[in-house]
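**Q** Hey, dropping start-v8.txt in here, compact mmCIF, C-alpha atoms:
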# COMPACT_ATOMS: atom_id res chain seq x y z
CA MET E 11 6.03 -5.13 31.84
CA ARG E 12 7.43 -7.18 28.96
CA THR E 13 5.64 -10.31 30.12
CA TRP E 14 2.32 -8.51 30.20
CA PHE E 15 2.80 -6.48 27.05
CA PRO E 16 5.26 -8.28 24.76
CA TYR E 17 4.39 -5.97 21.86
CA PRO E 18 3.41 -2.57 23.31
CA LEU E 19 2.95 -0.91 19.88
CA LEU E 20 0.74 -3.72 18.63
CA SER E 21 -1.35 -3.62 21.80
CA VAL E 22 -1.87 0.14 21.49
CA ALA E 23 -2.79 -0.21 17.81
CA LEU E 24 -5.27 -3.00 18.58
CA LEU E 25 -6.82 -0.98 21.38
CA LEU E 26 -7.20 2.02 19.08
CA MET E 27 -8.77 -0.22 16.42
CA TRP E 28 -11.19 -1.64 18.98
CA LEU E 29 -12.24 1.82 20.12
CA LEU E 30 -12.69 2.95 16.51
CA LEU E 31 -14.79 -0.09 15.66
CA SER E 32 -17.02 0.19 18.71
CA GLN E 33 -17.13 4.00 18.26
CA SER E 34 -17.19 4.74 21.96
CA VAL E 35 -14.72 5.63 24.69
CA THR E 36 -16.77 4.47 27.65
CA PRO E 37 -14.85 2.67 30.44
CA GLY E 38 -16.54 -0.59 29.44
CA SER E 39 -15.28 -0.58 25.88
CA ILE E 40 -11.80 0.55 26.99
CA LEU E 41 -11.64 -2.39 29.42
CA LEU E 42 -12.82 -4.85 26.76
CA GLY E 43 -10.34 -3.38 24.27
CA LEU E 44 -7.51 -3.73 26.80
CA ILE E 45 -8.36 -7.39 27.35
CA VAL E 46 -8.60 -8.09 23.60
CA SER E 47 -5.35 -6.28 22.77
CA THR E 48 -3.39 -7.96 25.57
CA VAL E 49 -4.61 -11.44 24.67
CA LEU E 50 -3.95 -10.92 20.96
CA ALA E 51 -0.42 -9.71 21.74
CA TRP E 52 0.18 -12.99 23.60
CA VAL E 53 -1.12 -14.91 20.60
CA THR E 54 1.29 -12.96 18.38
CA LEU E 55 4.13 -13.95 20.70
CA LYS E 56 3.52 -17.57 19.71
CA LEU E 57 3.93 -16.65 16.03
CA LYS E 58 7.42 -15.26 16.77
CA PRO E 59 7.44 -12.35 14.30
CA ALA E 60 10.72 -10.57 13.60
CA ARG E 61 11.14 -7.86 16.20
CA SER E 62 12.48 -4.50 15.16
CA ARG E 63 13.08 -1.25 16.94
CA LEU E 64 11.80 2.07 15.73
CA ASN E 65 14.59 4.58 16.16
CA ARG E 66 13.67 7.91 14.64
CA TRP E 67 10.09 8.76 15.38
CA SER E 68 10.44 12.16 13.77
CA ARG E 69 11.22 10.54 10.41
CA ILE E 70 8.03 8.50 10.34
CA ALA E 71 5.75 11.47 9.69
CA GLY E 72 7.95 12.62 6.83
CA PHE E 73 7.97 9.14 5.33
CA ILE E 74 4.18 8.83 5.48
CA LEU E 75 3.71 12.27 3.94
CA ARG E 76 6.11 11.57 1.09
CA ALA E 77 4.54 8.16 0.42
CA THR E 78 1.05 9.69 0.34
CA GLY E 79 2.21 12.39 -2.06
CA ASP E 80 3.75 9.80 -4.36
CA VAL E 81 0.62 7.64 -4.28
CA ILE E 82 -1.55 10.60 -5.32
CA ARG E 83 0.86 11.68 -8.05
CA SER E 84 1.22 8.23 -9.55
CA ASN E 85 -2.53 7.63 -9.31
CA ILE E 86 -2.99 10.55 -11.68
CA ALA E 87 -0.10 9.42 -13.90
CA VAL E 88 -1.39 5.86 -14.24
CA THR E 89 -4.94 7.11 -14.88
CA LEU E 90 -3.62 9.16 -17.79
CA ILE E 91 -1.61 6.20 -19.12
CA ILE E 92 -4.69 3.95 -19.09
CA LEU E 93 -6.89 6.55 -20.77
CA ARG E 94 -4.29 7.09 -23.49
CA ALA E 95 -3.52 3.38 -23.90
CA ARG E 96 -5.51 3.16 -27.12
CA ARG E 97 -3.51 5.85 -28.89
CA ARG E 98 -0.05 5.40 -27.41
CA ALA E 99 1.67 2.10 -26.66
CA VAL E 100 2.39 1.55 -22.99
CA ALA E 101 6.11 1.47 -22.28
CA ALA E 102 6.16 -0.94 -19.37
CA GLY E 103 9.20 -2.88 -18.31
CA PHE E 104 11.20 -4.62 -15.62
CA MET E 105 13.79 -2.86 -13.55
CA THR E 106 16.36 -4.12 -11.07
CA LEU E 107 18.04 -2.09 -8.40
CA GLY E 108 20.15 -2.80 -5.40
CA ILE E 109 18.79 -1.75 -2.03
CA ASP E 110 20.48 -2.30 1.27
CA LEU E 111 17.83 -3.23 3.83
CA GLU E 112 18.18 -6.03 6.35
CA ASP E 113 15.18 -5.63 8.61
CA GLU E 114 12.23 -7.82 7.64
CA ASN E 115 9.61 -5.35 8.76
CA ALA E 116 11.28 -2.52 6.85
CA LEU E 117 11.24 -4.66 3.71
CA ALA E 118 7.59 -5.51 4.25
CA LEU E 119 6.75 -1.83 4.63
CA LEU E 120 8.68 -0.94 1.49
CA ALA E 121 6.86 -3.70 -0.41
CA CYS E 122 3.50 -2.38 0.79
CA VAL E 123 4.29 1.18 -0.22
CA LEU E 124 5.66 0.19 -3.63
CA THR E 125 2.70 -2.02 -4.43
CA ALA E 126 0.14 0.44 -3.11
CA THR E 127 1.64 3.00 -5.47
CA PRO E 128 0.07 2.42 -8.89
CA GLY E 129 2.80 2.23 -11.49
CA THR E 130 5.24 0.12 -9.51
CA ALA E 131 4.76 -3.55 -8.61
CA TRP E 132 7.12 -5.45 -6.34
CA LEU E 133 8.07 -8.78 -7.89
CA GLU E 134 11.08 -10.25 -6.16
CA TYR E 135 13.80 -9.45 -3.68
CA ASP E 136 16.99 -11.46 -3.60
CA ARG E 137 18.16 -11.30 -0.02
CA ARG E 138 21.63 -12.65 -0.68
CA GLN E 139 22.53 -10.22 -3.41
CA LYS E 140 20.20 -7.48 -2.17
CA ILE E 141 18.71 -6.97 -5.61
CA LEU E 142 15.12 -5.92 -6.00
CA LEU E 143 13.13 -6.71 -9.14
CA ILE E 144 10.13 -4.50 -9.81
CA HIS E 145 7.86 -3.86 -12.75
CA VAL E 146 7.08 -0.27 -13.68
CA LEU E 147 4.40 1.03 -15.97
CA ASP E 148 6.41 3.85 -17.51
CA ILE E 149 9.95 2.66 -17.89
CA GLU E 150 10.82 5.99 -19.55
CA ASN E 151 11.19 7.57 -16.13
CA GLU E 152 13.46 4.82 -14.87
CA GLU E 153 15.91 7.22 -13.24
CA LEU E 154 13.12 8.94 -11.37
CA TRP E 155 11.81 5.65 -9.98
CA ARG E 156 15.30 4.65 -9.02
CA LYS E 157 15.78 7.87 -7.09
CA THR E 158 12.38 7.60 -5.36
CA ILE E 159 12.94 4.03 -4.20
CA ARG E 160 16.47 4.77 -3.01
CA ARG E 161 15.07 7.58 -0.91
CA TYR E 162 12.43 5.32 0.60
CA ALA E 163 15.07 2.74 1.40
CA ALA E 164 17.30 5.35 3.01
CA ASP E 165 14.39 6.63 5.12
CA LEU E 166 13.44 3.12 6.22
CA LYS E 167 17.03 2.34 7.07
CA GLU E 168 17.13 5.36 9.36
CA ILE E 169 13.82 4.48 10.98
CA PHE E 170 14.44 0.77 11.52
CA GLU E 171 18.18 0.22 11.82
CA MET A 38 -30.47 6.99 4.84
CA SER A 39 -33.53 9.14 4.55
CA HIS A 40 -31.80 12.04 6.34
CA LEU A 41 -29.53 12.70 3.39
CA THR A 42 -31.65 15.72 2.51
CA ASP A 43 -30.51 17.30 5.79
CA LEU A 44 -26.99 17.75 4.42
CA PRO A 45 -26.10 21.41 3.96
CA PRO A 46 -25.43 22.31 0.31
CA TRP A 47 -21.65 22.74 0.67
CA ALA A 48 -21.28 19.31 2.26
CA ALA A 49 -23.58 17.70 -0.30
CA ALA A 50 -21.54 19.16 -3.15
CA LEU A 51 -18.28 18.02 -1.59
CA VAL A 52 -19.57 14.51 -0.86
CA CYS A 53 -20.95 14.23 -4.41
CA GLY A 54 -17.67 15.39 -5.89
CA LEU A 55 -15.59 12.95 -3.83
CA LEU A 56 -17.94 10.08 -4.62
CA LEU A 57 -17.98 10.82 -8.34
CA ILE A 58 -14.21 11.18 -8.60
CA GLY A 59 -13.75 8.04 -6.49
CA ALA A 60 -16.16 6.04 -8.64
CA ALA A 61 -14.50 7.32 -11.81
CA THR A 62 -11.07 6.34 -10.45
CA THR A 63 -12.29 2.85 -9.62
CA PHE A 64 -13.83 2.58 -13.09
CA ILE A 65 -10.59 3.63 -14.77
CA GLY A 66 -8.74 1.06 -12.68
CA SER A 67 -11.02 -1.66 -14.02
CA LEU A 68 -10.74 -0.25 -17.53
CA GLY A 69 -6.98 -0.66 -17.21
CA LEU A 70 -7.46 -4.40 -16.85
CA LEU A 71 -9.01 -4.39 -20.31
CA ARG A 72 -6.70 -1.98 -22.03
CA LEU A 73 -3.21 -2.79 -20.77
CA PRO A 74 -1.26 -5.21 -22.94
CA ASP A 75 0.22 -7.91 -20.70
CA PHE A 76 -0.17 -9.46 -17.27
CA TYR A 77 2.56 -7.50 -15.52
CA ALA A 78 1.14 -4.22 -16.77
CA ARG A 79 -2.32 -5.30 -15.64
CA LEU A 80 -0.99 -5.75 -12.11
CA HIS A 81 -0.85 -1.96 -11.83
CA ALA A 82 -4.46 -1.24 -12.75
CA PRO A 83 -6.28 -2.57 -9.66
CA THR A 84 -4.04 -0.58 -7.31
CA ILE A 85 -5.64 2.60 -8.65
CA ALA A 86 -9.02 1.32 -7.54
CA THR A 87 -7.77 0.19 -4.14
CA SER A 88 -5.69 3.25 -3.31
CA GLY A 89 -7.28 6.21 -5.05
CA GLY A 90 -10.86 4.96 -5.35
CA THR A 91 -11.14 3.57 -1.84
CA ILE A 92 -9.60 6.62 -0.20
CA LEU A 93 -11.87 9.06 -2.04
CA ILE A 94 -15.06 7.07 -1.38
CA CYS A 95 -14.14 6.61 2.29
CA LEU A 96 -13.43 10.33 2.61
CA ALA A 97 -16.88 11.04 1.16
CA SER A 98 -18.40 8.64 3.69
CA ILE A 99 -16.49 10.19 6.61
CA LEU A 100 -17.55 13.69 5.60
CA CYS A 101 -21.18 12.74 4.99
CA PHE A 102 -21.76 11.00 8.30
CA ALA A 103 -19.63 13.44 10.29
CA VAL A 104 -21.78 16.32 9.08
CA LEU A 105 -25.07 14.41 9.51
CA GLN A 106 -24.34 13.30 13.07
CA SER A 107 -22.25 16.42 13.84
CA ARG A 108 -19.41 14.44 15.41
CA TRP A 109 -16.13 13.03 14.18
CA VAL A 110 -16.42 9.71 12.40
CA PHE A 111 -13.14 7.92 11.90
CA HIS A 112 -13.71 4.22 11.53
CA GLU A 113 -13.56 4.42 7.71
CA VAL A 114 -9.86 5.07 8.24
CA LEU A 115 -9.63 1.39 9.16
CA ILE A 116 -10.98 0.42 5.73
CA ILE A 117 -8.30 2.55 4.06
CA PHE A 118 -5.61 1.07 6.29
CA PHE A 119 -6.56 -2.56 5.77
CA MET A 120 -7.03 -2.13 2.01
CA THR A 121 -3.57 -0.60 1.71
CA VAL A 122 -1.98 -3.33 3.82
CA THR A 123 -3.71 -6.37 2.31
CA THR A 124 -3.84 -5.62 -1.44
CA PRO A 125 -0.05 -5.81 -1.88
CA VAL A 126 -0.06 -9.37 -0.51
CA THR A 127 -2.38 -10.61 -3.26
CA LEU A 128 -0.62 -8.64 -5.96
CA MET A 129 2.81 -9.88 -4.92
CA LEU A 130 1.55 -13.45 -4.85
CA LEU A 131 0.11 -13.09 -8.36
CA GLY A 132 3.25 -11.38 -9.62
CA GLN A 133 5.60 -14.00 -8.21
CA ALA A 134 3.46 -16.87 -9.51
CA THR A 135 3.52 -15.40 -13.02
CA LEU A 136 7.24 -14.74 -12.82
CA TYR A 137 7.82 -18.32 -11.76
CA ARG A 138 5.73 -19.70 -14.61
CA ASP A 139 7.29 -17.43 -17.23
CA ARG A 140 10.78 -18.41 -16.14
CA PHE A 141 9.81 -22.05 -16.17
CA GLU A 142 8.54 -21.72 -19.73
CA ASN A 143 11.60 -19.65 -20.76
CA ARG A 144 9.41 -16.88 -22.04
CA PRO A 145 11.41 -14.10 -23.75
CA GLY A 146 11.55 -10.68 -22.14
CA VAL A 147 11.34 -11.95 -18.59
CA PRO A 148 14.38 -11.32 -16.40
CA ARG A 149 16.30 -14.47 -15.46
CA LYS A 150 16.68 -15.53 -11.90
CA SER A 151 19.74 -13.86 -10.45
CA ARG A 152 22.52 -16.35 -9.97
CA PRO A 153 23.55 -17.53 -6.53
CA SER A 154 26.20 -15.43 -4.82
CA GLY A 155 29.73 -16.02 -6.02
CA SER A 156 29.15 -15.48 -9.71
CA LYS A 157 28.80 -11.94 -10.98
CA ILE A 158 25.79 -10.76 -12.96
CA GLU A 159 26.67 -9.53 -16.38
CA GLU A 160 24.54 -6.86 -17.93
Mind converting the file's structure to structure tokens?
**A**
Amino acid sequence: MRTWFPYPLLSVALLLMWLLLSQSVTPGSILLGLIVSTVLAWVTLKLKPARSRLNRWSRIAGFILRATGDVIRSNIAVTLIILRARRRAVAAGFMTLGIDLEDENALALLACVLTATPGTAWLEYDRRQKILLIHVLDIENEELWRKTIRRYAADLKEIFE
Amino acid sequence: MSHLTDLPPWAAALVCGLLLIGAATTFIGSLGLLRLPDFYARLHAPTIATSGGTILICLASILCFAVLQSRWVFHEVLIIFFMTVTTPVTLMLLGQATLYRDRFENRPGVPRKSRPSGSKIEE
């Protein structure tokens, strides 16, 4: 099983993508999608990506929901900041915080979520000291950002480690 | 599409609303590039366009074609997914490049590189 499907999740995701792109679930397109996803999984094997296990499936839905909520909220917040930028100076600044994540994929996911959220931009992560440097658009709410990111990190730790 | 007139009024209103809000969000994101003071702050502006704007416009597209063809249309979800996954890569690259340059030029107000393990960081 492992020799045929070295990355089962990736294969399933690729198959789903194939079916979505071709917009049909006829046996022909399923067969073609199976071939494409299996071959691409073999190609990925050559790239030797870091493998991680997903432990708590139930947490994933909660994580996605919370991230979506935060993205919507900070979209509105940043929109307001930009519209008011003429009248009120923008209080942007750097912020460091320690997060304790080892897994490469978890870090990548955290980076994606933080950067996709307007108002926070991932700049640098020091893996030896486990210190993350980010830039936030409203540094006044520093505590709030700190709490949000800590919660993300805790969630990811539970899901991945 | 010449069949756009076949949209029932409720769907047309909803699609219009989503499109307008999405376009406005994208516009504000670009406006941010002009208005925000420095490079790091400007990094935040395009994410509004890619997250909020793209999602709203794709939702409008899903709704419009789902109602027109009276079946579920989902492949726009792929656009949302790939935008969300790929934009951070560019932004992080830009951010790190700027950070590197600013540290190299000893620009004030930019955090120093944290020292190698062994020595403590003083606040």
**Q** Restricting the calculation to all atoms listed in the file, which member of E:Ile70, E:Ile91, E:Ala163, E:Leu133 is positioned closest to chain A?
**A** E:Leu133
**Q** Given all atoms listed in the file, how would the per-residue table for chain E near chain A read, listing every residue at most 8 Å away with its closest atom pair and distance in Å to one decimal, sorted by chain and number, as JSON lines?
**A**
{"residue": "E:Met27", "atom": "CA", "partner": "A:Leu115", "partner_atom": "CA", "distance": 7.5}
{"residue": "E:Leu30", "atom": "CA", "partner": "A:His112", "partner_atom": "CA", "distance": 5.2}
{"residue": "E:Leu31", "atom": "CA", "partner": "A:His112", "partner_atom": "CA", "distance": 6.1}
{"residue": "E:Gln33", "atom": "CA", "partner": "A:His112", "partner_atom": "CA", "distance": 7.6}
{"residue": "E:Val81", "atom": "CA", "partner": "A:Ser88", "partner_atom": "CA", "distance": 7.7}
{"residue": "E:Ile82", "atom": "CA", "partner": "A:Gly89", "partner_atom": "CA", "distance": 7.2}
{"residue": "E:Asn85", "atom": "CA", "partner": "A:Ile85", "partner_atom": "CA", "distance": 6.0}
{"residue": "E:Val88", "atom": "CA", "partner": "A:Ile85", "partner_atom": "CA", "distance": 7.7}
{"residue": "E:Thr89", "atom": "CA", "partner": "A:Ile65", "partner_atom": "CA", "distance": 6.6}
{"residue": "E:Ile92", "atom": "CA", "partner": "A:Gly69", "partner_atom": "CA", "distance": 5.5}
{"residue": "E:Leu93", "atom": "CA", "partner": "A:Ile65", "partner_atom": "CA", "distance": 7.6}
{"residue": "E:Ala95", "atom": "CA", "partner": "A:Arg72", "partner_atom": "CA", "distance": 6.5}
{"residue": "E:Arg96", "atom": "CA", "partner": "A:Arg72", "partner_atom": "CA", "distance": 7.3}
{"residue": "E:Val100", "atom": "CA", "partner": "A:Leu73", "partner_atom": "CA", "distance": 7.4}
{"residue": "E:Ala102", "atom": "CA", "partner": "A:Ala78", "partner_atom": "CA", "distance": 6.5}
{"residue": "E:Phe104", "atom": "CA", "partner": "A:Pro148", "partner_atom": "CA", "distance": 7.5}
{"residue": "E:Ala121", "atom": "CA", "partner": "A:Pro125", "partner_atom": "CA", "distance": 7.4}
{"residue": "E:Cys122", "atom": "CA", "partner": "A:Pro125", "partner_atom": "CA", "distance": 5.6}
{"residue": "E:Thr125", "atom": "CA", "partner": "A:Pro125", "partner_atom": "CA", "distance": 5.3}
{"residue": "E:Ala126", "atom": "CA", "partner": "A:Thr84", "partner_atom": "CA", "distance": 6.0}
{"residue": "E:Thr127", "atom": "CA", "partner": "A:Thr84", "partner_atom": "CA", "distance": 7.0}
{"residue": "E:Pro128", "atom": "CA", "partner": "A:Thr84", "partner_atom": "CA", "distance": 5.3}
{"residue": "E:Gly129", "atom": "CA", "partner": "A:His81", "partner_atom": "CA", "distance": 5.6}
{"residue": "E:Thr130", "atom": "CA", "partner": "A:His81", "partner_atom": "CA", "distance": 6.8}
{"residue": "E:Ala131", "atom": "CA", "partner": "A:His81", "partner_atom": "CA", "distance": 6.7}
{"residue": "E:Trp132", "atom": "CA", "partner": "A:Met129", "partner_atom": "CA", "distance": 6.3}
{"residue": "E:Leu133", "atom": "CA", "partner": "A:Gly132", "partner_atom": "CA", "distance": 5.7}
{"residue": "E:Glu134", "atom": "CA", "partner": "A:Gln133", "partner_atom": "CA", "distance": 6.9}
{"residue": "E:Asp136", "atom": "CA", "partner": "A:Ser151", "partner_atom": "CA", "distance": 7.8}
{"residue": "E:Arg138", "atom": "CA", "partner": "A:Ser154", "partner_atom": "CA", "distance": 6.8}
{"residue": "E:Gln139", "atom": "CA", "partner": "A:Ser154", "partner_atom": "CA", "distance": 6.5}
{"residue": "E:His145", "atom": "CA", "partner": "A:Tyr77", "partner_atom": "CA", "distance": 7.0}
{"residue": "E:Val146", "atom": "CA", "partner": "A:Ala78", "partner_atom": "CA", "distance": 7.8}
{"residue": "E:Leu147", "atom": "CA", "partner": "A:Ala78", "partner_atom": "CA", "distance": 6.2}
**Q** Which distance in Å separates CA of Ala103 (chain A) and CA of Trp28 (chain E), to one decimal?
**A**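 Computing it gives 19.3 Å between the two atoms.
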**Q** Determine the nearest neighbour of Gly54 (chain A) from the options A:Thr127, A:Ser98, A:Thr42, A:Ser107, counting all atoms listed in the file.
**A** A:Ser98
**Q** I need the residue nearest Gly108 (chain E) from this list: E:Ser32, E:Arg137, E:Ile40, E:Ser68. Use all atoms listed in the file for the distance.
**A**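 Counting all atoms listed in the file, the residue closest to Gly108 (chain E) is E:Arg137.
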**Q** If I take CA of Leu100 (chain A) and CA of Thr78 (chain E), how far is one from the other in Å, to one decimal?
**A** 19.7 Å
**Q** What is the CA of Arg69 (chain E) to CA of Ile169 (chain E) distance in Å?
**A**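 Separation of CA of Arg69 (chain E) and CA of Ile169 (chain E): 6.6 Å.
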**Q** I'd like the neighbourhood of Asp43 (chain A) as a PyMOL selection string, where a residue qualifies if any of its atoms comes within 10 Å (using all atoms listed in the file), though same-chain residues fewer than 5 positions away should be ignored.
**A** chain A and resi 49+104-105
**Q** For Glu153 (chain E), which residue among E:Lys140, E:Asp165, E:Ser62, E:Leu107 is the nearest when counting only C-alpha atoms?
**A**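 The closest residue to Glu153 (chain E) is E:Leu107.
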